[in-house]
Each structure stands twice: as C-alpha cells, then as structure tokens.
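To be precise, the following lines are query-v3.csv, and they hold CSV, C-alpha atoms (C1' of nucleotides).
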chain,number,residue,atom,x,y,z
A,22,MET,CA,-28.8,-23.0,-2.8
A,23,ASN,CA,-30.0,-26.3,-1.6
A,24,LYS,CA,-33.7,-25.5,-2.2
A,25,LYS,CA,-35.7,-28.3,-3.7
A,26,ILE,CA,-36.7,-27.8,-7.3
A,27,VAL,CA,-40.4,-28.5,-7.5
A,28,GLN,CA,-41.0,-27.6,-11.1
A,29,VAL,CA,-39.0,-27.2,-14.3
A,30,GLU,CA,-40.6,-25.6,-17.3
A,31,ILE,CA,-38.8,-25.7,-20.6
A,32,ARG,CA,-40.1,-23.1,-23.0
A,33,GLN,CA,-37.5,-23.4,-25.6
A,34,ALA,CA,-36.6,-27.0,-26.2
A,35,LYS,CA,-33.2,-26.1,-27.8
A,36,ALA,CA,-32.0,-24.2,-24.8
A,37,VAL,CA,-31.2,-27.5,-23.1
A,38,ASN,CA,-29.7,-30.8,-24.1
A,39,PHE,CA,-31.5,-34.1,-23.9
A,40,GLU,CA,-35.2,-34.5,-24.4
A,41,ASN,CA,-37.1,-32.1,-22.3
A,42,LYS,CA,-38.7,-35.1,-20.5
A,43,PHE,CA,-35.3,-36.3,-19.3
A,44,PHE,CA,-34.1,-32.8,-18.4
A,45,VAL,CA,-37.1,-32.3,-16.2
A,46,GLN,CA,-36.9,-35.8,-14.7
A,47,ALA,CA,-33.3,-35.3,-13.7
A,48,LEU,CA,-34.0,-32.0,-11.9
A,49,ARG,CA,-37.5,-32.2,-10.5
A,50,GLY,CA,-37.2,-33.1,-6.8
A,51,ASN,CA,-33.5,-32.5,-7.0
A,52,SER,CA,-31.6,-29.4,-5.8
A,53,PHE,CA,-28.5,-27.4,-6.7
A,54,GLY,CA,-25.7,-27.8,-4.2
A,55,GLU,CA,-22.3,-26.2,-4.9
A,56,ILE,CA,-22.2,-23.7,-7.7
A,57,ASP,CA,-18.8,-23.3,-9.4
A,58,ARG,CA,-17.5,-21.3,-12.3
A,59,ARG,CA,-14.7,-21.8,-14.8
A,60,GLY,CA,-14.1,-19.0,-17.3
A,61,LYS,CA,-17.6,-18.0,-18.4
A,62,LEU,CA,-19.1,-21.4,-17.7
A,63,MET,CA,-21.2,-22.0,-14.6
A,64,ILE,CA,-21.4,-25.5,-13.0
A,65,PHE,CA,-24.5,-26.3,-10.8
A,66,ARG,CA,-23.7,-29.4,-8.8
A,67,LEU,CA,-26.7,-31.6,-8.3
A,68,LYS,CA,-27.5,-32.9,-4.8
A,69,LYS,CA,-28.7,-36.2,-6.3
A,70,SER,CA,-27.2,-37.8,-9.3
A,71,PHE,CA,-29.4,-39.1,-12.1
A,72,LYS,CA,-28.7,-42.3,-14.0
A,73,ILE,CA,-29.3,-42.4,-17.7
A,74,SER,CA,-28.6,-45.1,-20.3
A,75,GLY,CA,-25.2,-46.8,-20.6
A,76,SER,CA,-24.4,-46.4,-16.9
A,77,ARG,CA,-23.9,-42.7,-17.4
A,78,VAL,CA,-24.6,-40.6,-14.4
A,79,ILE,CA,-25.7,-37.0,-14.5
A,80,THR,CA,-24.2,-34.9,-11.7
A,81,SER,CA,-24.3,-31.3,-12.9
A,82,VAL,CA,-25.9,-28.7,-14.9
A,83,LEU,CA,-23.6,-26.6,-17.1
A,84,ALA,CA,-24.8,-23.1,-17.9
A,85,HIS,CA,-23.4,-20.7,-20.4
A,86,LEU,CA,-25.0,-17.3,-21.0
A,87,LYS,CA,-23.0,-16.3,-24.1
A,88,MET,CA,-23.9,-12.7,-25.1
A,89,THR,CA,-27.4,-12.1,-24.0
A,90,GLY,CA,-28.3,-14.8,-21.4
A,91,GLN,CA,-29.6,-13.9,-18.0
A,92,LEU,CA,-30.2,-16.0,-14.9
A,93,ILE,CA,-32.6,-14.1,-12.6
A,94,TYR,CA,-33.9,-15.3,-9.3
A,95,GLU,CA,-37.2,-13.8,-8.0
A,96,LYS,CA,-39.9,-14.6,-5.5
A,97,LYS,CA,-43.5,-13.6,-6.0
A,98,ILE,CA,-45.4,-11.9,-3.2
A,99,GLY,CA,-48.9,-11.0,-4.2
A,100,LYS,CA,-48.9,-8.9,-7.3
A,101,LYS,CA,-45.3,-7.9,-6.9
A,102,VAL,CA,-42.1,-9.8,-6.9
A,103,GLU,CA,-39.2,-9.4,-4.5
A,104,VAL,CA,-35.7,-9.8,-5.9
A,105,VAL,CA,-33.7,-11.8,-3.5
A,106,ALA,CA,-29.9,-12.2,-3.0
A,107,GLY,CA,-28.1,-13.9,-0.2
A,108,GLY,CA,-31.5,-14.3,1.6
A,109,HIS,CA,-32.1,-10.6,1.7
A,110,LYS,CA,-34.9,-8.8,0.0
A,111,LEU,CA,-33.6,-6.1,-2.3
A,112,ILE,CA,-36.4,-4.5,-4.2
A,113,GLU,CA,-40.1,-5.0,-5.0
A,114,LYS,CA,-41.4,-4.5,-8.5
A,115,ASP,CA,-44.2,-5.6,-10.8
A,116,PHE,CA,-43.4,-8.9,-12.2
A,117,ASP,CA,-42.4,-8.9,-15.8
A,118,LEU,CA,-41.1,-12.5,-15.9
A,119,PRO,CA,-41.4,-14.8,-17.6
A,120,ASN,CA,-41.1,-12.8,-20.9
A,121,LYS,CA,-40.8,-13.9,-24.5
A,122,HIS,CA,-37.1,-14.5,-24.0
A,123,THR,CA,-37.6,-16.9,-21.1
A,124,GLN,CA,-36.1,-20.3,-22.0
A,125,VAL,CA,-36.4,-22.2,-18.8
A,126,ILE,CA,-38.1,-21.6,-15.4
A,127,PHE,CA,-37.1,-23.4,-12.2
A,128,THR,CA,-39.5,-23.2,-9.3
A,129,PHE,CA,-38.2,-24.0,-5.9
A,130,ASP,CA,-40.1,-25.2,-2.8
A,131,ASP,CA,-40.0,-21.8,-1.2
A,132,ARG,CA,-41.9,-20.5,-4.3
A,133,GLY,CA,-38.8,-18.7,-5.5
A,134,GLU,CA,-38.2,-18.9,-9.3
A,135,LEU,CA,-35.1,-18.9,-11.4
A,136,PHE,CA,-35.5,-17.6,-14.9
A,137,PHE,CA,-33.1,-18.4,-17.7
A,138,ASN,CA,-33.7,-15.8,-20.3
A,139,ASP,CA,-31.8,-15.3,-23.5
A,140,LEU,CA,-32.8,-12.9,-26.2
A,141,ARG,CA,-30.4,-14.2,-28.9
A,142,ARG,CA,-30.6,-17.8,-27.6
A,143,PHE,CA,-26.9,-18.5,-27.9
A,144,GLY,CA,-26.8,-19.6,-24.3
A,145,TYR,CA,-27.6,-23.1,-22.9
A,146,MET,CA,-28.2,-25.3,-19.9
A,147,LYS,CA,-26.8,-28.8,-20.2
A,148,LEU,CA,-27.0,-31.9,-18.1
A,149,ALA,CA,-23.5,-33.4,-17.7
A,150,THR,CA,-21.9,-36.5,-16.3
A,151,VAL,CA,-18.8,-36.4,-14.1
A,152,GLU,CA,-16.7,-37.2,-17.1
A,153,GLU,CA,-18.1,-34.5,-19.2
A,154,VAL,CA,-17.7,-31.9,-16.5
A,155,GLN,CA,-14.1,-33.1,-16.0
A,156,LYS,CA,-13.4,-32.9,-19.7
A,157,VAL,CA,-14.9,-29.4,-20.0
A,158,LEU,CA,-13.1,-28.1,-17.0
A,159,SER,CA,-9.7,-29.4,-18.0
A,160,ALA,CA,-9.9,-27.4,-21.2
A,161,PHE,CA,-9.7,-24.1,-19.4
A,162,GLY,CA,-6.4,-22.4,-18.7
A,163,ILE,CA,-5.3,-20.3,-15.7
A,164,GLU,CA,-8.0,-18.7,-13.7
A,165,PRO,CA,-7.4,-15.0,-12.8
A,166,PHE,CA,-7.8,-14.3,-9.0
A,167,THR,CA,-6.5,-17.8,-8.1
A,168,LYS,CA,-3.1,-18.7,-6.7
A,169,ASN,CA,-2.2,-20.2,-10.1
A,170,PHE,CA,-2.4,-16.8,-11.8
A,171,THR,CA,1.2,-15.9,-11.3
A,172,TYR,CA,3.4,-13.9,-13.6
A,173,GLU,CA,5.4,-17.1,-14.3
A,174,ASN,CA,2.3,-19.1,-15.3
A,175,PHE,CA,1.1,-16.2,-17.4
A,176,LEU,CA,4.4,-16.0,-19.3
A,177,ALA,CA,4.3,-19.8,-19.8
A,178,ALA,CA,0.8,-19.5,-21.2
A,179,LEU,CA,2.0,-17.0,-23.8
A,180,LEU,CA,5.2,-18.8,-24.5
A,181,LYS,CA,5.7,-20.0,-28.1
A,182,ARG,CA,2.5,-18.5,-29.3
A,183,LYS,CA,2.6,-17.1,-32.8
A,184,VAL,CA,-0.6,-15.1,-32.4
A,185,THR,CA,-1.5,-11.5,-31.5
A,186,ILE,CA,-1.8,-10.5,-27.8
A,187,LYS,CA,-5.5,-10.1,-28.2
A,188,VAL,CA,-6.0,-13.6,-29.6
A,189,ALA,CA,-3.8,-15.0,-26.7
A,190,LEU,CA,-5.9,-13.1,-24.1
A,191,LEU,CA,-9.1,-14.5,-25.6
A,192,ASP,CA,-7.9,-18.1,-25.7
A,193,GLN,CA,-9.8,-19.8,-22.9
A,194,LYS,CA,-7.3,-22.7,-22.9
A,195,LYS,CA,-4.6,-20.4,-21.8
A,196,ILE,CA,-6.3,-17.9,-19.6
A,197,ALA,CA,-9.9,-18.4,-18.6
A,198,GLY,CA,-12.6,-15.7,-18.6
A,199,ILE,CA,-11.5,-12.8,-20.8
A,200,GLY,CA,-13.9,-11.9,-23.5
A,201,ASN,CA,-13.8,-9.5,-26.4
A,202,ILE,CA,-14.6,-6.4,-24.3
A,203,TYR,CA,-12.0,-7.0,-21.6
A,204,ALA,CA,-9.4,-8.1,-24.1
A,205,ASP,CA,-9.6,-4.7,-25.7
A,206,GLU,CA,-9.6,-2.9,-22.4
A,207,VAL,CA,-6.6,-4.9,-21.1
A,208,CYS,CA,-4.6,-3.9,-24.1
A,209,PHE,CA,-5.5,-0.3,-23.7
A,210,CYS,CA,-4.7,-0.4,-20.0
A,211,ALA,CA,-1.3,-1.8,-20.9
A,212,GLY,CA,-0.7,0.7,-23.7
A,213,VAL,CA,-0.2,-2.2,-26.2
A,214,LEU,CA,-1.9,-2.5,-29.6
A,215,PRO,CA,-4.1,-5.6,-29.6
A,216,THR,CA,-2.6,-6.6,-33.0
A,217,ARG,CA,0.9,-6.9,-31.6
A,218,PRO,CA,2.3,-10.4,-32.0
A,219,VAL,CA,3.0,-11.9,-28.6
A,220,VAL,CA,6.6,-12.5,-29.6
A,221,SER,CA,7.2,-8.8,-30.2
A,222,LEU,CA,6.3,-7.8,-26.6
A,223,SER,CA,9.0,-6.6,-24.3
A,224,ALA,CA,9.2,-7.9,-20.7
A,225,ALA,CA,7.9,-4.6,-19.4
A,226,GLU,CA,4.9,-4.8,-21.7
A,227,LYS,CA,4.1,-8.4,-20.7
A,228,LYS,CA,4.3,-7.4,-17.1
A,229,LYS,CA,1.9,-4.5,-17.7
A,230,ILE,CA,-0.6,-6.8,-19.4
A,231,PHE,CA,-0.4,-9.2,-16.6
A,232,VAL,CA,-1.1,-6.5,-14.0
A,233,CYS,CA,-3.9,-5.0,-16.2
A,234,ILE,CA,-5.8,-8.3,-16.5
A,235,THR,CA,-6.4,-8.3,-12.7
A,236,GLU,CA,-7.0,-4.6,-12.6
A,237,ILE,CA,-9.6,-4.5,-15.4
A,238,LEU,CA,-11.4,-7.7,-14.3
A,239,LYS,CA,-11.5,-6.5,-10.7
A,240,MET,CA,-13.1,-3.1,-11.8
A,241,ALA,CA,-15.5,-4.8,-14.1
A,242,ILE,CA,-16.7,-7.2,-11.5
A,243,LYS,CA,-17.0,-4.4,-9.0
A,244,HIS,CA,-19.3,-2.5,-11.4
A,245,ARG,CA,-21.3,-5.7,-12.1
A,246,GLY,CA,-20.1,-6.2,-15.6
A,247,THR,CA,-20.8,-4.4,-18.8
A,248,THR,CA,-24.4,-3.8,-20.0
A,249,PHE,CA,-25.1,-2.7,-23.5
A,250,LYS,CA,-28.6,-3.6,-24.0
A,251,ASP,CA,-29.6,-6.9,-22.6
A,252,TYR,CA,-27.5,-8.2,-19.8
A,253,LEU,CA,-28.9,-8.4,-16.3
A,254,ASP,CA,-27.3,-10.0,-13.3
A,255,SER,CA,-29.0,-12.6,-11.0
A,256,GLU,CA,-30.8,-9.7,-9.2
A,257,GLY,CA,-32.1,-8.4,-12.4
A,258,LYS,CA,-29.8,-5.4,-12.4
A,259,LYS,CA,-27.8,-3.9,-15.2
A,260,GLY,CA,-24.0,-3.7,-14.9
A,261,ASN,CA,-22.6,-0.2,-15.3
A,262,TYR,CA,-19.1,-0.9,-16.3
A,263,THR,CA,-20.0,0.6,-19.7
A,264,ASP,CA,-19.2,4.0,-18.2
A,265,PHE,CA,-15.7,2.9,-17.4
A,266,LEU,CA,-14.8,1.4,-20.8
A,267,LYS,CA,-11.9,3.3,-22.3
A,268,VAL,CA,-11.9,2.0,-25.9
A,269,PHE,CA,-14.6,-0.7,-26.4
A,270,ASP,CA,-17.6,0.7,-28.3
A,271,ARG,CA,-16.0,4.1,-28.3
A,272,GLU,CA,-15.0,4.4,-31.9
A,273,GLY,CA,-14.5,8.0,-33.0
A,274,GLU,CA,-14.5,9.3,-29.4
A,275,LYS,CA,-11.5,11.1,-27.9
A,276,CYS,CA,-9.1,8.9,-25.9
A,277,GLY,CA,-9.3,9.9,-22.2
A,278,ARG,CA,-5.5,9.4,-21.9
A,279,CYS,CA,-4.0,11.1,-24.9
A,280,GLY,CA,-6.8,12.8,-26.9
A,281,ASN,CA,-6.5,10.9,-30.1
A,282,LEU,CA,-9.5,9.4,-31.7
A,283,VAL,CA,-10.3,5.8,-30.8
A,284,LYS,CA,-10.2,3.4,-33.8
A,285,LYS,CA,-12.1,0.3,-34.5
A,286,ILE,CA,-10.9,-2.4,-36.8
A,287,LYS,CA,-11.8,-6.0,-37.5
A,288,SER,CA,-9.1,-8.4,-36.3
A,289,ASN,CA,-9.4,-12.1,-36.3
A,290,GLY,CA,-13.1,-11.8,-37.0
A,291,ARG,CA,-13.7,-9.6,-34.0
A,292,GLY,CA,-14.5,-6.0,-33.5
A,293,THR,CA,-11.3,-4.6,-32.0
A,294,HIS,CA,-10.9,-1.2,-30.4
A,295,PHE,CA,-7.8,0.8,-29.6
A,296,CYS,CA,-6.2,4.2,-29.4
A,297,PRO,CA,-3.6,4.8,-32.0
A,298,GLY,CA,-2.1,7.6,-29.9
A,299,CYS,CA,-1.1,5.8,-26.7
A,300,GLN,CA,-1.1,2.1,-27.7
A,301,HIS,CA,2.0,0.9,-29.4
B,17,DC,C1',-31.6,-7.2,-46.2
B,18,DG,C1',-27.1,-7.9,-44.7
B,19,DG,C1',-23.8,-7.0,-41.4
B,20,DA,C1',-22.7,-7.1,-36.6
B,21,DT,C1',-22.7,-9.2,-32.3
B,22,DT,C1',-20.3,-13.4,-28.8
B,23,DG,C1',-17.9,-17.6,-27.3
B,24,DT,C1',-17.0,-21.9,-28.9
B,25,DT,C1',-16.3,-25.5,-32.1
B,26,DC,C1',-15.4,-27.4,-36.5
B,27,DT,C1',-12.7,-27.4,-40.7
B,28,DT,C1',-8.8,-26.6,-43.3
B,29,DC,C1',-4.1,-25.8,-44.1
B,30,DC,C1',0.7,-26.2,-43.4
C,14,DC,C1',-0.1,-34.4,-35.0
C,15,DG,C1',-0.7,-29.8,-33.6
C,16,DG,C1',-0.9,-24.9,-34.0
C,17,DA,C1',-3.0,-21.3,-36.5
C,18,DA,C1',-6.5,-19.2,-39.1
C,19,DG,C1',-10.8,-18.8,-40.7
C,20,DA,C1',-15.5,-20.3,-41.2
C,21,DA,C1',-19.6,-21.7,-39.0
C,22,DC,C1',-23.1,-21.6,-35.6
C,23,DA,C1',-26.7,-20.0,-32.5
C,24,DA,C1',-30.8,-15.8,-33.3
C,25,DT,C1',-31.9,-11.2,-33.3
C,26,DC,C1',-31.6,-6.4,-34.1
C,27,DC,C1',-31.0,-2.1,-36.7
Please render this file's structure as structure tokens.
Amino acid sequence: MNKKIVQVEIRQAKAVNFENKFFVQALRGNSFGEIDRRGKLMIFRLKKSFKISGSRVITSVLAHLKMTGQLIYEKKIGKKVEVVAGGHKLIEKDFDLPNKHTQVIFTFDDRGELFFNDLRRFGYMKLATVEEVQKVLSAFGIEPFTKNFTYENFLAALLKRKVTIKVALLDQKKIAGIGNIYADEVCFCAGVLPTRPVVSLSAAEKKKIFVCITEILKMAIKHRGTTFKDYLDSEGKKGNYTDFLKVFDREGEKCGRCGNLVKKIKSNGRGTHFCPGCQH
DNA sequence: CGGATTGTTCTTCC
DNA sequence: CGGAAGAACAATCC
C-alpha cells in the first residue's frame, strides 16, 4: 500500500486494543507496508515502528474479520465513490460508507479510505509488537498453498490425534485457514463423514481429504468466498461460492451426488452438514 | 426470548 | 504437563 495514513477515526472503541489515543498516534502519519496473512489473520506491517512503555515497539496491525467483518477500500469522487483495486477503478456508486457497522476508518493521503465494518463486532484490529506477532504466527500450523503443505506434513499433523476429522481440519495449530464451512465441504468432497475419528481413516481416505483441501479452498477463493448475508471483500463485492456449496447450509436438500437428503447435526458445538448417502 | 452463528481462548478434566 | 472436550465470549438477528 505505502500510502500515508492521514487520519484514523475509531467509532467503536472496543474494535481496537489500547486506548484510542495510542492507536491513532501509532498510525497517523504512518503507512502500511507489507501485508501478510496467516490462517484467517491479516498482518499489516507498519513502515514506521512506534515505541510504547517498557521499551515495547509496535510494528504491525493484526486484523481478524471473524464472521461478519469487512475491510473495504474506496475513494470519493464528488458525490460518488470509486471502488479501487490494484490501482484500477472498478465501479462507481453512491457512497453508503461509513454505515452504522463501521468500526474504524483510515483516510490516506490520496483521499482513499479504508473502512473496517463489522455487524456482529467479533472482529478486531490490534497493534502488536514484533514479539506478539511472532508468538501469534508461530501458533499456526501448515498453510495450504505453500511448499510445506505436503501429504507427509498433512499426515504428521493428523498423527496421534484422538479427535474427529472435522475437529482436526478446524484446528488452526495443525492446518491454518479452514473454517466451519470449508471443513464440511472438504469432508463431503472426500466422501468422509465429519464425525469419523481420525484414527479410523484409511490411507485412501486421508489422501482424498488432503487433495480436497486444496481443491475446495482453490474453488472458494476463485469465487471470492462464501457470502450468506454480510460478507463483502475489499472491493465491496459479495462472494458467490454459496452457489457451489454441496452440503453447508443445505439441510434437507437433495445431495447432488447421490440424491439422499443432506443432514445437519451439532458436533463439537458446531453446525455440521453432511450427506448420509455418500459420506461414510 | 432464546438459539444460532464464528473463530479463538479459557477452563476443566483425566 | 498436555491433549481433549466443553464452555465462554464477542453482538446481532430471526
């Protein structure tokens, strides 16, 4: 990004850590450099570090959107806004931001604005020191789409686990980035019941699950994620992977693969969807 | 009004 | 101590 942040407006004090005053102090006049991601956590590296008490030095902003968070970048032009990505103007529309769900607004020196919106307010933006970032990052397991995501490493992550495959897939410490929706979809893709203990899986089933993780995530990203009601991407657009979901949120519907009715149960405190006909 | 929703963290148990 | 399981938490909607 590298644009200078000229203004930071915090509308919901609880959306950020530290006192609002400090949060603004650390970021005003600063700029975001590299932007990384680990699992579902985004890391905005700051161009200039910021010293706080006890020789601690803030170097990054950690952002988590949880279920209903949005980060939307827009630029006002007259009475319209243009939505910009990669330096290209995409669409013009009436501006509807900020809205009542807007938690934080960053204004940049080119008059572009980044809105952090969150209807249910589970998400956050946190200032973090090098040590805090390091600690947070080290807690994540293998990252799909990296060279570390090999079948051997996947098997090692599952090894000795006395949990169900769904719980294992959701465990960010083992494999980073899979949430409730895609855990169900991966299990369907592999033809394996989400409630199967990891130890009961055959080699062929484990291989299938491994392949399905990449397949499902790749498709989901291609279709810009799954929008139920609230999610919008950084361009303010809805994801349309909903149309491709095979079992999630399809309770009572006919399975596209075998025609049985999709079931929904509660497993480990989470809504869990599967087809009793073709998942075993 | 209560249950459902999500990802993460805390608590408790063995 | 560590893994597993379950509760708690954030806030809102239907």
Could you build a table of the residues in chain A lying no more than 10 Å from chain C, giving for each the nearest pair of atoms and their separation in Å rounded to one decimal place, using only C-alpha atoms (C1' of nucleotides), ordered by chain and ascending residue number, as a tab-separated table?
residue	atom	partner	partner_atom	distance
A:Lys87	CA	C:DA23	C1'	9.9
A:Asp139	CA	C:DA24	C1'	9.9
A:Leu140	CA	C:DT25	C1'	7.4
A:Arg141	CA	C:DA24	C1'	4.7
A:Arg142	CA	C:DA24	C1'	6.0
A:Phe143	CA	C:DA23	C1'	4.8
A:Gly144	CA	C:DA23	C1'	8.2
A:Arg182	CA	C:DG16	C1'	8.6
A:Lys183	CA	C:DA17	C1'	7.9
A:Val184	CA	C:DA17	C1'	7.8
A:Asn289	CA	C:DG19	C1'	8.1
A:Gly290	CA	C:DG19	C1'	8.2
Set out as JSON lines a contact list for chain B and chain A with a cut-off of 9 Å, giving each residue of chain B that qualifies its closest atom pair and distance in Å to one decimal, counting only C-alpha atoms (C1' of nucleotides), ordered by chain and rising residue number.
{"residue": "B:DA20", "atom": "C1'", "partner": "A:Gly292", "partner_atom": "CA", "distance": 8.8}
{"residue": "B:DT21", "atom": "C1'", "partner": "A:Met88", "partner_atom": "CA", "distance": 8.1}
{"residue": "B:DT22", "atom": "C1'", "partner": "A:Met88", "partner_atom": "CA", "distance": 5.2}
{"residue": "B:DG23", "atom": "C1'", "partner": "A:Lys87", "partner_atom": "CA", "distance": 6.2}
Original post:
What does the distance between CA of Glu152 (chain A) and CA of Val78 (chain A) come to in Å, to one decimal place?
Top reply: 9.0 Å
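For the atom pair formed by CA of Ile126 (chain A) and CA of Glu30 (chain A), the distance is 5.1 Å, given to one decimal.
Put simply, CA of Gly162 (chain A) is 12.9 Å away from CA of Arg58 (chain A).
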**OP:** Using all atoms listed in the file, find the one residue out of A:Asp131, A:Glu206, A:Asp192, A:Glu272 that sits nearest to DT24 (chain B).
**Re:** A:Asp192
Subject >> 7 Å contact set for Lys147 (chain A), all atoms listed in the file, chain neighbours under 2 positions out, as a VMD selection string >> reply: chain A and resid 37 to 38 82 to 84 145 149
